[in-house]
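Everything on this sheet refers to the single structure shown next.
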Amino acid sequence: MVRPQRANGGRKGPARPKLGPSAYLVLGFIAELGPSTPYDLKRAVSRSIAYFWDFPHSQLYVEPERLARLGLLTENQEENGRRRRLFSITDAGREELRHWLESPSREQTEVRDLGLLKLYFAGLTSPERIRQMADEQIALHEERLAEYDALSEEMARYEHLRPHQVPIRMGYLHEQAWLAFWQSVIDDPPVTNPRTGRS
């Protein structure tokens with residue numbers, strides 16, 4: 001007789017909770033920073049992974065509570081002063097984080113770029129506007145490169161932050177590729193559509 005499989009893959013114990021990337025982001029930061037408030041998390045995110053992982057920052061206030069209910073974090077509120085809520089990671093939280101880190105990443109990179117979306121329809125506008133669009137994008141990507149320079153310099157001052165410089169390296173390559181791409185649009189612009197009446 002074939003025994004039915006448990007919903008958690010046949011392993012004993014409770015099923016692993018369904019968590020999204022923002023939950024693991026919270027677990028990871030609290031594992032690194034120690035006891036943290038949602039504001040601490042927001043500040044840390046804005047100076048690091050916000051450059052390559054976009055999500056509503058309101059989740060940094062919602063996720064810690066949910067993870068505490070799941071037993072992956074504990075919550076303590078200060079008795080005096082601002083009565084801040086401090087969240088700490090539990091052993092179960094560290095185990096869940098370890099499992100996520102060791103599991104393969106199978107999702108393709110998503111690209112949602114407004115400049116590219118406009119460029120798709122660039123044949124409906126003028127050659128002057130296409131060059132202007134490319135110049136605008138080059139300025140944006142040069143600005144981001146300058147931000148990466150400052151961020152990398154800050155991280156280099158602290159030994160424990162040096163591993164975080166590795167994703168920033170990908171950021172550099174990403175921005176340099178965008179700069180090369182938009183320069184190619186200036187050098188070899190798309191042909192405009194004569195039916196629009198533009199030339």
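All residue names refer to the structure tokens as shown: chains lettered A, B, ... in order, residues numbered from 1 in each chain, ligands numbered from 1 in order.
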Please provide as a PyMOL selection string all residues within 7 Å of Leu60 in chain A, with the sequence filter that same-chain residues fewer than 5 positions apart are discarded (counting only C-alpha atoms). chain A and resi 38+41-42
Spatial neighbours of Glu143 in chain A, max dist 12 Å, only C-alpha atoms, sep filter under 5 positions, as an MDAnalysis selection string: chainID A and resid 136:138 148:150 172 175:176 179
Among the residues A:Thr74, A:Ser184, A:Gln108, A:Thr192, the one that comes closest to Glu128 in chain A [using only C-alpha atoms]: A:Thr192
Please list as a ChimeraX atom specification every residue within 9 Å of Glu75 in chain A, counting only C-alpha atoms and excluding residues in the same chain fewer than 3 positions away. /A:35,64-65,68,85-88
Please write the residues from the selection above to a file, keeping all heavy atoms, as a compact mmCIF listing (two decimals), in the first residue's frame.
# COMPACT_ATOMS: atom_id res chain seq x y z
N PRO A 35 19.27 42.41 17.44
CA PRO A 35 17.93 42.94 17.70
C PRO A 35 17.71 44.27 17.00
O PRO A 35 18.55 45.18 17.09
CB PRO A 35 17.92 43.11 19.23
CG PRO A 35 18.89 42.08 19.72
CD PRO A 35 19.97 42.03 18.68
N PRO A 64 8.08 41.62 10.29
CA PRO A 64 8.58 41.19 11.60
C PRO A 64 7.48 40.64 12.51
O PRO A 64 7.68 39.64 13.21
CB PRO A 64 9.22 42.46 12.18
CG PRO A 64 9.63 43.23 10.98
CD PRO A 64 8.56 42.99 9.97
N GLU A 65 6.31 41.28 12.50
CA GLU A 65 5.20 40.79 13.31
C GLU A 65 4.77 39.39 12.87
O GLU A 65 4.53 38.51 13.69
CB GLU A 65 4.02 41.75 13.21
CG GLU A 65 4.26 43.11 13.82
CD GLU A 65 3.04 44.01 13.71
OE1 GLU A 65 1.96 43.50 13.33
OE2 GLU A 65 3.17 45.21 14.00
N ALA A 68 7.30 36.83 13.84
CA ALA A 68 7.24 36.56 15.29
C ALA A 68 6.10 35.60 15.60
O ALA A 68 6.25 34.69 16.43
CB ALA A 68 7.06 37.87 16.06
N ARG A 85 9.97 48.58 19.53
CA ARG A 85 9.76 47.13 19.41
C ARG A 85 11.00 46.53 18.77
O ARG A 85 11.31 46.81 17.62
CB ARG A 85 8.51 46.85 18.59
CG ARG A 85 7.27 47.45 19.22
CD ARG A 85 6.13 47.52 18.22
NE ARG A 85 5.72 46.20 17.80
CZ ARG A 85 4.99 45.96 16.71
NH1 ARG A 85 4.64 46.95 15.92
NH2 ARG A 85 4.63 44.74 16.40
N LEU A 86 11.69 45.70 19.52
CA LEU A 86 12.92 45.07 19.04
C LEU A 86 12.64 43.61 18.69
O LEU A 86 12.08 42.86 19.48
CB LEU A 86 14.01 45.15 20.11
CG LEU A 86 14.61 46.54 20.35
CD1 LEU A 86 15.42 46.54 21.64
CD2 LEU A 86 15.50 46.93 19.17
N PHE A 87 13.05 43.24 17.48
CA PHE A 87 12.87 41.86 17.02
C PHE A 87 14.22 41.16 16.96
O PHE A 87 15.21 41.74 16.51
CB PHE A 87 12.21 41.86 15.64
CG PHE A 87 10.79 42.37 15.65
CD1 PHE A 87 10.52 43.72 15.48
CD2 PHE A 87 9.74 41.49 15.83
CE1 PHE A 87 9.22 44.19 15.50
CE2 PHE A 87 8.43 41.95 15.85
CZ PHE A 87 8.17 43.30 15.68
N SER A 88 14.24 39.91 17.44
CA SER A 88 15.46 39.09 17.41
C SER A 88 15.14 37.78 16.72
O SER A 88 14.01 37.29 16.77
CB SER A 88 15.96 38.82 18.83
OG SER A 88 16.21 40.02 19.52
So, counting only C-alpha atoms, which residue among A:Ala156, A:Leu19, A:Val185, A:Ile30 is closest to Arg131 in chain A?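 Among the listed residues, the smallest separation from Arg131 in chain A belongs to A:Val185.
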